[in-house]
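One file, query_33.cif, carrying mmCIF, C-alpha atoms (C1' of nucleotides):
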```cif
data_model
loop_
_atom_site.label_atom_id
_atom_site.label_comp_id
_atom_site.auth_asym_id
_atom_site.auth_seq_id
_atom_site.Cartn_x
_atom_site.Cartn_y
_atom_site.Cartn_z
CA MET F 1 0.00 0.00 0.00
CA PRO F 2 1.49 3.36 -1.04
CA ARG F 3 1.69 5.68 1.90
CA THR F 4 -0.93 8.32 2.22
CA SER F 5 0.49 11.52 0.88
CA THR F 6 1.07 13.48 4.05
CA LYS F 7 4.21 14.84 2.50
CA ALA F 8 5.80 17.63 4.53
CA ALA F 9 4.05 20.92 3.83
CA ALA F 10 5.84 23.58 1.87
CA PRO F 11 6.83 26.74 3.76
CA VAL F 12 3.80 27.79 5.79
CA ARG F 13 2.67 31.35 5.38
CA ARG F 14 2.42 33.32 8.57
CA VAL F 15 0.99 36.70 7.76
CA ALA F 16 -2.24 35.86 9.53
CA SER F 17 -0.60 33.35 11.78
CA ASP F 18 -3.41 32.72 14.22
CA TYR F 19 -6.00 31.90 11.54
CA ARG F 20 -7.25 28.36 11.20
CA LEU F 21 -9.92 27.13 8.84
CA GLU F 22 -11.10 24.76 11.57
CA ASP F 23 -12.14 27.77 13.63
CA GLN F 24 -14.74 28.82 11.07
CA VAL F 25 -18.23 27.55 11.94
CA GLY F 26 -19.27 27.30 8.34
CA PHE F 27 -16.57 24.78 7.65
CA LEU F 28 -17.44 22.70 10.70
CA LEU F 29 -21.13 22.82 9.85
CA ARG F 30 -20.45 21.66 6.32
CA LYS F 31 -18.43 18.70 7.54
CA ALA F 32 -20.99 17.76 10.17
CA TYR F 33 -23.76 17.91 7.61
CA GLN F 34 -21.77 15.74 5.24
CA ARG F 35 -21.50 13.15 7.96
CA ALA F 36 -25.18 13.24 8.81
CA SER F 37 -26.21 13.11 5.18
CA SER F 38 -23.86 10.24 4.50
CA ASN F 39 -25.31 8.30 7.43
CA LEU F 40 -28.77 8.78 6.00
CA VAL F 41 -27.87 7.79 2.47
CA ASP F 42 -26.13 4.68 3.80
CA ARG F 43 -29.45 3.57 5.25
CA ILE F 44 -32.08 4.80 2.83
CA GLY F 45 -29.94 4.89 -0.29
CA SER F 46 -31.30 1.48 -1.22
CA TYR F 47 -34.65 3.22 -1.66
CA ASP F 48 -32.99 5.62 -4.11
CA LEU F 49 -33.81 8.61 -1.95
CA THR F 50 -31.61 11.55 -1.00
CA ALA F 51 -31.76 13.52 2.24
CA PRO F 52 -33.61 16.49 0.68
CA GLN F 53 -36.08 14.13 -0.96
CA TYR F 54 -36.73 12.40 2.34
CA ALA F 55 -37.20 15.74 4.08
CA THR F 56 -39.75 16.71 1.47
CA LEU F 57 -41.72 13.51 1.88
CA ALA F 58 -41.55 13.74 5.67
CA ARG F 59 -42.83 17.31 5.63
CA LEU F 60 -45.77 16.38 3.47
CA TYR F 61 -46.49 13.51 5.80
CA GLU F 62 -46.55 15.88 8.77
CA ARG F 63 -48.54 18.65 7.19
CA GLY F 64 -50.62 17.19 4.42
CA ALA F 65 -51.04 18.95 1.08
CA LEU F 66 -49.00 22.13 0.67
CA SER F 67 -48.34 24.57 -2.12
CA GLN F 68 -45.03 23.94 -3.82
CA ASN F 69 -43.66 27.24 -2.61
CA LEU F 70 -44.64 26.78 1.03
CA LEU F 71 -43.37 23.23 0.94
CA GLY F 72 -40.06 24.59 -0.23
CA ARG F 73 -39.86 27.05 2.63
CA LEU F 74 -40.69 24.31 5.12
CA VAL F 75 -37.78 22.20 3.92
CA ALA F 76 -35.44 25.15 3.36
CA MET F 77 -35.29 24.97 -0.42
CA GLU F 78 -35.50 27.73 -3.00
CA PRO F 79 -38.42 27.68 -5.46
CA ALA F 80 -36.20 26.46 -8.27
CA ASN F 81 -34.85 23.62 -6.15
CA ILE F 82 -38.07 22.34 -4.62
CA ARG F 83 -39.50 22.28 -8.11
CA ASP F 84 -36.90 19.78 -9.27
CA VAL F 85 -37.30 17.62 -6.18
CA VAL F 86 -41.07 17.54 -6.60
CA LEU F 87 -40.68 16.60 -10.25
CA ARG F 88 -38.52 13.62 -9.35
CA LEU F 89 -40.85 12.46 -6.60
CA LYS F 90 -43.80 12.91 -8.92
CA LYS F 91 -42.14 10.87 -11.62
CA ARG F 92 -41.89 8.05 -9.08
CA ARG F 93 -45.55 8.47 -8.09
CA LEU F 94 -44.65 9.28 -4.50
CA VAL F 95 -46.40 12.64 -4.69
CA ALA F 96 -49.23 14.00 -6.79
CA THR F 97 -49.98 17.57 -7.82
CA ARG F 98 -53.15 19.52 -8.51
CA ARG F 99 -54.11 23.13 -9.11
CA ASP F 100 -55.54 25.10 -6.21
CA ALA F 101 -59.16 25.94 -7.00
CA THR F 102 -59.21 29.45 -5.52
CA ASP F 103 -55.65 30.62 -6.21
CA LYS F 104 -54.66 29.71 -9.73
CA ARG F 105 -51.01 30.43 -9.02
CA LEU F 106 -50.65 27.55 -6.58
CA ILE F 107 -49.73 23.95 -7.23
CA LEU F 108 -50.75 21.76 -4.35
CA ILE F 109 -48.46 18.83 -3.60
CA ASP F 110 -49.50 15.81 -1.60
CA LEU F 111 -48.29 12.30 -0.91
CA THR F 112 -49.81 9.43 -2.84
CA ALA F 113 -50.79 6.26 -1.03
CA ALA F 114 -47.45 4.83 -2.10
CA GLY F 115 -45.73 7.93 -0.72
CA VAL F 116 -47.45 7.58 2.64
CA ALA F 117 -46.52 3.92 2.83
CA LEU F 118 -42.90 4.69 2.01
CA VAL F 119 -42.60 7.48 4.56
CA GLU F 120 -44.03 5.28 7.28
CA GLN F 121 -41.45 2.70 6.39
CA LEU F 122 -38.62 5.23 6.39
CA ILE F 123 -39.36 7.18 9.56
CA PRO F 124 -38.06 4.51 11.94
CA ILE F 125 -34.95 4.17 9.79
CA GLU F 126 -34.36 7.90 9.89
CA ILE F 127 -34.73 7.95 13.65
CA GLU F 128 -32.12 5.21 13.88
CA CYS F 129 -29.91 7.18 11.58
CA THR F 130 -30.15 10.29 13.71
CA ALA F 131 -29.14 8.18 16.67
CA THR F 132 -26.09 7.00 14.75
CA THR F 133 -25.08 10.53 13.88
CA LEU F 134 -25.50 11.62 17.49
CA ALA F 135 -23.73 8.58 18.88
CA PRO F 136 -20.57 10.50 19.85
CA LEU F 137 -22.65 12.73 22.13
CA LYS F 138 -24.26 12.13 25.50
CA ALA F 139 -27.94 12.81 26.02
CA ASP F 140 -27.49 16.23 27.59
CA GLN F 141 -25.01 17.21 24.90
CA ARG F 142 -27.53 16.31 22.25
CA ARG F 143 -30.17 18.53 23.76
CA LEU F 144 -27.59 21.31 23.92
CA LEU F 145 -26.61 20.83 20.30
CA TYR F 146 -30.23 21.10 19.18
CA GLU F 147 -30.63 24.26 21.18
CA LEU F 148 -27.50 25.84 19.71
CA LEU F 149 -28.17 24.77 16.13
CA GLY F 150 -31.71 26.04 16.43
CA ARG F 151 -30.47 29.47 17.37
CA LEU F 152 -27.97 29.53 14.52
CA ALA F 153 -30.57 28.50 11.97
CA GLU F 154 -33.04 31.13 13.15
CA GLY F 155 -30.38 33.83 13.00
CA MET V 1 -49.35 42.63 -0.27
CA PRO V 2 -50.89 39.17 -0.75
CA ARG V 3 -50.77 37.17 2.40
CA THR V 4 -48.12 34.56 2.76
CA SER V 5 -49.63 31.22 1.96
CA THR V 6 -49.91 29.67 5.39
CA LYS V 7 -53.18 28.15 4.34
CA ALA V 8 -54.56 25.68 6.85
CA ALA V 9 -52.94 22.30 6.45
CA ALA V 10 -54.91 19.36 5.15
CA PRO V 11 -55.64 16.52 7.60
CA VAL V 12 -52.42 15.71 9.40
CA ARG V 13 -51.35 12.09 9.37
CA ARG V 14 -50.77 10.54 12.76
CA VAL V 15 -49.43 7.06 12.25
CA ALA V 16 -46.04 8.09 13.56
CA SER V 17 -47.46 10.89 15.59
CA ASP V 18 -44.40 11.83 17.63
CA TYR V 19 -42.10 12.26 14.64
CA ARG V 20 -40.92 15.72 13.69
CA LEU V 21 -38.51 16.63 10.95
CA GLU V 22 -37.08 19.31 13.21
CA ASP V 23 -35.82 16.58 15.54
CA GLN V 24 -33.48 15.21 12.90
CA VAL V 25 -29.94 16.56 13.24
CA GLY V 26 -29.24 16.34 9.56
CA PHE V 27 -32.02 18.76 8.81
CA LEU V 28 -30.86 21.21 11.47
CA LEU V 29 -27.28 20.98 10.28
CA ARG V 30 -28.31 21.66 6.72
CA LYS V 31 -30.23 24.77 7.72
CA ALA V 32 -27.43 26.03 9.95
CA TYR V 33 -24.91 25.52 7.15
CA GLN V 34 -27.15 27.36 4.74
CA ARG V 35 -27.17 30.30 7.12
CA ALA V 36 -23.43 30.29 7.60
CA SER V 37 -22.76 29.94 3.90
CA SER V 38 -25.18 32.71 3.08
CA ASN V 39 -23.46 35.00 5.57
CA LEU V 40 -20.15 34.32 3.89
CA VAL V 41 -21.41 34.84 0.35
CA ASP V 42 -23.02 38.09 1.43
CA ARG V 43 -19.59 39.38 2.37
CA ILE V 44 -17.20 37.82 -0.11
CA GLY V 45 -19.63 37.33 -2.96
CA SER V 46 -18.39 40.56 -4.46
CA TYR V 47 -15.11 38.77 -5.02
CA ASP V 48 -16.99 36.07 -6.94
CA LEU V 49 -15.94 33.40 -4.49
CA THR V 50 -18.01 30.61 -2.95
CA ALA V 51 -17.54 29.09 0.50
CA PRO V 52 -15.82 25.93 -0.82
CA GLN V 53 -13.54 28.03 -3.00
CA TYR V 54 -12.59 30.19 -0.05
CA ALA V 55 -11.91 27.11 2.09
CA THR V 56 -9.63 25.77 -0.63
CA LEU V 57 -7.64 28.99 -0.83
CA ALA V 58 -7.43 29.27 2.95
CA ARG V 59 -6.15 25.72 3.27
CA LEU V 60 -3.44 26.33 0.71
CA TYR V 61 -2.51 29.48 2.56
CA GLU V 62 -2.13 27.54 5.80
CA ARG V 63 -0.30 24.56 4.41
CA GLY V 64 1.50 25.64 1.28
CA ALA V 65 1.60 23.45 -1.83
CA LEU V 66 -0.45 20.27 -1.61
CA SER V 67 -1.38 17.47 -3.96
CA GLN V 68 -4.85 17.89 -5.40
CA ASN V 69 -6.06 14.79 -3.64
CA LEU V 70 -4.72 15.72 -0.21
CA LEU V 71 -6.02 19.24 -0.64
CA GLY V 72 -9.43 17.75 -1.29
CA ARG V 73 -9.34 15.68 1.87
CA LEU V 74 -8.28 18.71 3.90
CA VAL V 75 -11.30 20.69 2.71
CA ALA V 76 -13.67 17.70 2.79
CA MET V 77 -14.20 17.38 -0.94
CA GLU V 78 -14.23 14.30 -3.14
CA PRO V 79 -11.57 14.00 -5.87
CA ALA V 80 -14.07 14.84 -8.58
CA ASN V 81 -15.20 17.97 -6.73
CA ILE V 82 -11.85 19.41 -5.70
CA ARG V 83 -10.78 18.99 -9.31
CA ASP V 84 -13.50 21.34 -10.53
CA VAL V 85 -12.81 23.89 -7.81
CA VAL V 86 -9.11 23.88 -8.60
CA LEU V 87 -9.87 24.32 -12.30
CA ARG V 88 -11.95 27.43 -11.59
CA LEU V 89 -9.36 28.91 -9.27
CA LYS V 90 -6.65 28.13 -11.79
CA LYS V 91 -8.59 29.81 -14.56
CA ARG V 92 -8.60 32.94 -12.41
CA ARG V 93 -4.87 32.64 -11.73
CA LEU V 94 -5.40 32.33 -7.99
CA VAL V 95 -3.64 28.96 -7.89
CA ALA V 96 -1.01 27.31 -10.07
CA THR V 97 -0.34 23.63 -10.67
CA ARG V 98 2.76 21.59 -11.41
CA ARG V 99 3.69 17.93 -11.61
CA ASP V 100 5.41 16.36 -8.64
CA ALA V 101 8.93 15.41 -9.63
CA THR V 102 9.15 12.12 -7.72
CA ASP V 103 5.54 10.90 -7.90
CA LYS V 104 4.21 11.35 -11.40
CA ARG V 105 0.64 10.75 -10.25
CA LEU V 106 0.51 13.91 -8.19
CA ILE V 107 -0.48 17.39 -9.23
CA LEU V 108 0.79 19.95 -6.78
CA ILE V 109 -1.42 22.95 -6.20
CA ASP V 110 -0.22 26.21 -4.73
CA LEU V 111 -1.38 29.79 -4.41
CA THR V 112 -0.08 32.36 -6.84
CA ALA V 113 1.03 35.74 -5.58
CA ALA V 114 -2.39 37.04 -6.49
CA GLY V 115 -3.94 34.17 -4.56
CA VAL V 116 -1.91 34.94 -1.47
CA ALA V 117 -2.85 38.59 -1.66
CA LEU V 118 -6.53 37.74 -2.01
CA VAL V 119 -6.55 35.32 0.90
CA GLU V 120 -4.88 37.84 3.14
CA GLN V 121 -7.55 40.31 2.18
CA LEU V 122 -10.34 37.80 2.81
CA ILE V 123 -9.27 36.29 6.11
CA PRO V 124 -10.35 39.27 8.24
CA ILE V 125 -13.66 39.33 6.39
CA GLU V 126 -14.21 35.65 7.04
CA ILE V 127 -13.47 36.11 10.72
CA GLU V 128 -16.05 38.88 10.84
CA CYS V 129 -18.48 36.63 9.03
CA THR V 130 -17.99 33.83 11.53
CA ALA V 131 -18.73 36.32 14.27
CA THR V 132 -21.97 37.26 12.53
CA THR V 133 -23.04 33.65 12.25
CA LEU V 134 -22.24 33.05 15.91
CA ALA V 135 -23.89 36.27 17.06
CA PRO V 136 -26.93 34.50 18.56
CA LEU V 137 -24.60 32.58 20.91
CA LYS V 138 -22.67 33.62 23.99
CA ALA V 139 -18.95 32.99 24.23
CA ASP V 140 -19.23 29.80 26.26
CA GLN V 141 -21.97 28.49 24.00
CA ARG V 142 -19.73 29.03 21.00
CA ARG V 143 -16.95 27.00 22.53
CA LEU V 144 -19.46 24.29 23.30
CA LEU V 145 -20.81 24.29 19.76
CA TYR V 146 -17.33 23.85 18.34
CA GLU V 147 -16.70 20.98 20.68
CA LEU V 148 -19.94 19.24 19.76
CA LEU V 149 -19.63 19.83 16.01
CA GLY V 150 -16.07 18.59 16.13
CA ARG V 151 -17.18 15.31 17.64
CA LEU V 152 -19.97 14.90 15.08
CA ALA V 153 -17.64 15.57 12.17
CA GLU V 154 -15.05 13.09 13.44
CA GLY V 155 -17.66 10.42 13.91
"C1'" DT P 1 -61.95 50.33 -10.19
"C1'" DC P 2 -57.23 50.12 -11.43
"C1'" DG P 3 -52.55 50.71 -11.30
"C1'" DA P 4 -48.66 49.50 -8.11
"C1'" DT P 5 -46.89 45.84 -5.72
"C1'" DA P 6 -46.35 41.06 -4.12
"C1'" DT P 7 -46.34 36.15 -4.70
"C1'" DC P 8 -46.06 31.78 -7.38
"C1'" DG P 9 -43.98 28.92 -10.43
"C1'" DT P 10 -40.64 28.55 -14.40
"C1'" DT P 11 -36.39 28.97 -16.93
"C1'" DA P 12 -31.52 29.53 -17.39
"C1'" DT P 13 -26.91 29.59 -15.63
"C1'" DG P 14 -23.17 28.14 -12.93
"C1'" DA P 15 -21.25 25.86 -8.74
"C1'" DT P 16 -21.27 22.09 -5.54
"C1'" DC P 17 -21.84 17.32 -4.25
"C1'" DA P 18 -21.56 12.03 -4.30
"C1'" DT P 19 -20.80 7.81 -6.84
"C1'" DA P 20 -18.96 4.55 -10.05
"C1'" DA P 21 -15.79 3.19 -13.52
"C1'" DC P 22 -11.35 3.88 -15.56
"C1'" DA P 23 -6.12 4.47 -16.88
"C1'" DA P 24 -1.71 5.64 -15.06
"C1'" DT P 25 1.49 5.34 -11.50
"C1'" DA P 26 3.39 3.64 -7.10
"C1'" DT P 27 4.15 0.32 -3.54
"C1'" DC P 28 4.16 -4.08 -1.39
"C1'" DG P 29 4.90 -9.05 -0.76
"C1'" DG P 30 6.68 -13.22 -2.23
"C1'" DC T 1 11.98 -8.88 -9.94
"C1'" DC T 2 6.93 -8.89 -10.56
"C1'" DG T 3 2.33 -9.62 -9.99
"C1'" DA T 4 -1.33 -8.07 -6.63
"C1'" DT T 5 -2.93 -4.12 -4.55
"C1'" DA T 6 -3.41 0.86 -3.53
"C1'" DT T 7 -3.49 5.68 -4.74
"C1'" DT T 8 -4.09 9.66 -7.89
"C1'" DG T 9 -6.53 12.01 -11.03
"C1'" DT T 10 -10.20 11.90 -14.79
"C1'" DT T 11 -14.70 11.17 -16.82
"C1'" DA T 12 -19.59 10.60 -16.72
"C1'" DT T 13 -24.01 10.82 -14.52
"C1'" DG T 14 -27.47 12.65 -11.69
"C1'" DA T 15 -28.99 15.48 -7.67
"C1'" DT T 16 -28.68 19.63 -5.02
"C1'" DC T 17 -28.00 24.52 -4.43
"C1'" DA T 18 -28.33 29.78 -5.16
"C1'" DT T 19 -29.38 33.63 -8.14
"C1'" DA T 20 -31.55 36.43 -11.58
"C1'" DA T 21 -35.05 37.34 -14.90
"C1'" DC T 22 -39.65 36.44 -16.43
"C1'" DG T 23 -44.95 35.85 -17.14
"C1'" DA T 24 -49.16 34.90 -14.71
"C1'" DT T 25 -52.04 35.65 -10.94
"C1'" DA T 26 -53.46 37.93 -6.65
"C1'" DT T 27 -53.85 41.68 -3.47
"C1'" DC T 28 -53.56 46.33 -1.88
"C1'" DG T 29 -54.39 51.22 -1.83
"C1'" DA T 30 -55.77 55.48 -3.81
#
```
Do you think you could lay out the structure here as C-alpha cells?
Amino acid sequence: MPRTSTKAAAPVRRVASDYRLEDQVGFLLRKAYQRASSNLVDRIGSYDLTAPQYATLARLYERGALSQNLLGRLVAMEPANIRDVVLRLKKRRLVATRRDATDKRLILIDLTAAGVALVEQLIPIEIECTATTLAPLKADQRRLLYELLGRLAEG
Amino acid sequence: MPRTSTKAAAPVRRVASDYRLEDQVGFLLRKAYQRASSNLVDRIGSYDLTAPQYATLARLYERGALSQNLLGRLVAMEPANIRDVVLRLKKRRLVATRRDATDKRLILIDLTAAGVALVEQLIPIEIECTATTLAPLKADQRRLLYELLGRLAEG
DNA sequence: TCGATATCGTTATGATCATAACAATATCGG
DNA sequence: CCGATATTGTTATGATCATAACGATATCGA
C-alpha cells in the first residue's frame, strides 16, 4: 500500500498566523452535515432517496397537502430547487400535484398512497440514523446541540 | 401585499405521531450551514468566491503546496469535486499547478502571488463573518458548539 | 376600479456534491 | 523482480443549491 500523501508541507505562510480554517463555523457545519447526510444515504440509499427528498416527503407527511412554494420554505429549499425535487418524486408516483381551486397560481403537492406507505417505512430508519449521527454525544449534549443549532438556523 | 400562503394544512397524518422533521440533526445541520454559507457569500460574494472556494484557498494558505487529492481531503471534498474547484481557481490565476517530480501521479497545487494577496484580504472578512453567524450565541456556548460539532464531524 | 406591488412557479446559468468506472502510476509481498 | 494491490486524477451521470429574470395571478391602496 502506497503511503498516504502526508508529505511535509511547503513553507507555511504566517501573515495571519493565528488563523485556522477549523475555527470557522461554516466549515465545521459543512463537515458535520456531510457526515449526517452520509449516514442517512447509507441507510435509505437502497430506496434511491436523497436527504432532501426524504425531508420533502416527511414534511408532506406531517402537514398534508402544501403549495409547492410553502413546501419549499418548510424544507429550506428555493423555489427552483423544490421544483426539481417535486418533479422527481412525482415521476416516481410518490407525490401527486393539482391546481388550487381558488388561487390559480398555486400547485398543491400531496403524498400518494405509495408515498405515505414509504414514509411510514422510512421514519423509523431515519430515527435510527439520527441516533447513529448523534452517537458520539451524551444525552445532555444532544439537547444542547439542538438548542445551539436552532439558534444559529433562526439567525 | 398578498398574504403569505400559510393556508390551513390538510388533515395531518398521525401514524407516527411523535415524529418531527425538526428533531433530525441532519435537517438542522443543513439549515445552519445554509445560514453560515449565506453570511459568507453576502460578504465575499463581491469577489466572486463561494464558501468551498474560499476554504480551498485558505487551506493552501495555511499549508503551502499540496497534492490535489490531499487538498481535497483537507477541505472535505471528493476528488471529482476538488478537481472542478481547482480548475476554476486556476482559470482565475489564484492557484497554479505543477507535476510532482518524484511521484508522477501527483499534481501539486499552490497559491499564486495574487492568490496569497486575495486570501490575506479575505481572512479578516471571514473572521467577521464567523462572528456574525455566531452572534446569537454567547462565548461559552460558541466553545461548546465547536466541541460538539467537532465530535460529530469526526464520527 | 385600477394601477402599483407582491407572490407563485418557471427557466436559465453556474457551482457544488456524491458515486462509479477507468487508466496511469506507485508500492508491497513473495 | 513482478504480480497483486493501492493511490491519484479523470470522466460521466445525476442530484442539489443559489441567483436572476420572467410571465401569470393575486392583493392592496388610492
Quiz item: Residues picked by the PyMOL selection byres ((chain P) within 7 of (chain V)) here, as a PyMOL selection string?
Solution: chain P and resi 5-7+25
Since we have the selection now, will you write its residues out, keeping C-alpha atoms (C1' of nucleotides), as a PDB file, in the frame of the given file?
```
ATOM      1  C1'  DT P   5     -46.890  45.840  -5.720  1.00  0.00           C
ATOM      2  C1'  DA P   6     -46.350  41.060  -4.120  1.00  0.00           C
ATOM      3  C1'  DT P   7     -46.340  36.150  -4.700  1.00  0.00           C
ATOM      4  C1'  DT P  25       1.490   5.340 -11.500  1.00  0.00           C
TER       5       DT P  25
END
```
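A straight line drawn from atom CA of F:Arg30 to atom CA of V:Arg30 is 7.9 Å long.
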Using all atoms listed in the file, I'd like a table of the residues in chain F that come within 8 Å of chain V; for each, show the closest atom pair and its distance in Å rounded to one decimal, ordered by chain and ascending number, as a Markdown table.
```
| residue | atom | partner | partner_atom | distance |
| --- | --- | --- | --- | --- |
| F:Ser5 | CA | V:Leu70 | CA | 6.8 |
| F:Thr6 | CA | V:Leu70 | CA | 7.5 |
| F:Ala9 | CA | V:Arg63 | CA | 5.7 |
| F:Ala10 | CA | V:Gly64 | CA | 4.8 |
| F:Pro11 | CA | V:Gly64 | CA | 6.0 |
| F:Val12 | CA | V:Arg63 | CA | 5.4 |
| F:Arg13 | CA | V:Glu62 | CA | 6.1 |
| F:Arg14 | CA | V:Glu62 | CA | 7.9 |
| F:Val15 | CA | V:Glu120 | CA | 7.6 |
| F:Ala16 | CA | V:Glu120 | CA | 7.2 |
| F:Tyr19 | CA | V:Ile123 | CA | 7.7 |
| F:Arg20 | CA | V:Glu62 | CA | 7.5 |
| F:Leu21 | CA | V:Ala58 | CA | 6.7 |
| F:Gln24 | CA | V:Thr130 | CA | 6.0 |
| F:Val25 | CA | V:Thr130 | CA | 6.3 |
| F:Gly26 | CA | V:Ala36 | CA | 5.2 |
| F:Phe27 | CA | V:Ala55 | CA | 7.6 |
| F:Leu28 | CA | V:Leu149 | CA | 6.4 |
| F:Leu29 | CA | V:Tyr33 | CA | 5.4 |
| F:Arg30 | CA | V:Tyr33 | CA | 6.0 |
| F:Lys31 | CA | V:Ala153 | CA | 5.6 |
| F:Ala32 | CA | V:Ala153 | CA | 4.5 |
| F:Tyr33 | CA | V:Leu29 | CA | 5.4 |
| F:Arg35 | CA | V:Ala153 | CA | 6.2 |
| F:Ala36 | CA | V:Gly26 | CA | 5.2 |
| F:Ser37 | CA | V:Gly26 | CA | 6.2 |
| F:Ala55 | CA | V:Leu21 | CA | 7.1 |
| F:Ala58 | CA | V:Leu21 | CA | 6.7 |
| F:Arg59 | CA | V:Leu21 | CA | 6.9 |
| F:Tyr61 | CA | V:Arg13 | CA | 6.2 |
| F:Glu62 | CA | V:Val12 | CA | 5.9 |
| F:Arg63 | CA | V:Val12 | CA | 5.3 |
| F:Gly64 | CA | V:Ala10 | CA | 4.9 |
| F:Ala65 | CA | V:Ala10 | CA | 5.6 |
| F:Leu66 | CA | V:Ala9 | CA | 7.0 |
| F:Ser67 | CA | V:Ser5 | CA | 7.9 |
| F:Leu70 | CA | V:Ser5 | CA | 6.7 |
| F:Ala76 | CA | V:Lys31 | CA | 6.8 |
| F:Glu120 | CA | V:Ala16 | CA | 7.2 |
| F:Ile123 | CA | V:Tyr19 | CA | 7.7 |
| F:Glu126 | CA | V:Gln24 | CA | 8.0 |
| F:Ile127 | CA | V:Gln24 | CA | 7.4 |
| F:Thr130 | CA | V:Gln24 | CA | 6.0 |
| F:Thr133 | CA | V:Leu152 | CA | 6.8 |
| F:Leu134 | CA | V:Leu152 | CA | 6.9 |
| F:Pro136 | CA | V:Arg151 | CA | 6.3 |
| F:Leu137 | CA | V:Leu148 | CA | 7.4 |
| F:Gln141 | CA | V:Leu148 | CA | 7.5 |
| F:Leu145 | CA | V:Leu145 | CA | 6.8 |
| F:Tyr146 | CA | V:Val25 | CA | 7.5 |
| F:Leu148 | CA | V:Leu145 | CA | 6.9 |
| F:Leu149 | CA | V:Ala32 | CA | 6.4 |
| F:Gly150 | CA | V:Leu28 | CA | 7.0 |
| F:Arg151 | CA | V:Pro136 | CA | 6.3 |
| F:Leu152 | CA | V:Ala32 | CA | 5.8 |
| F:Ala153 | CA | V:Ala32 | CA | 4.5 |
| F:Gly155 | CA | V:Pro136 | CA | 6.6 |
```
Practice problem: Give the residues of chain T that lie within 10 Å of chain V; count all atoms listed in the file, and format the answer as a VMD selection string. | Solution: chain T and resid 7 to 11 17 to 18 26 to 28
Exercise. Extract, using only C-alpha atoms (C1' of nucleotides), all DNA, RNA and protein residues at most 12 Å from P:DG30, discarding same-chain residues fewer than 6 positions from it, and format them as a ChimeraX atom specification.
Key: /T:1-4
Would you save the residues of that selection, restricted to C-alpha atoms (C1' of nucleotides), as a CSV table (one decimal), in the coordinates of the input?
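result_22.csv, freshly written:
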```csv
chain,number,residue,atom,x,y,z
T,1,DC,C1',12.0,-8.9,-9.9
T,2,DC,C1',6.9,-8.9,-10.6
T,3,DG,C1',2.3,-9.6,-10.0
T,4,DA,C1',-1.3,-8.1,-6.6
```
Quiz item: In Å, how far is it from atom CA of V:Asp48 to atom CA of V:Leu111?
Solution: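 Separation between atom CA of V:Asp48 and atom CA of V:Leu111: 17.0 Å.
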Quiz item: Can you tell me how far atom CA of F:Ile125 sits from atom CA of F:Val41, in Å to one decimal?
Solution: 10.8 Å
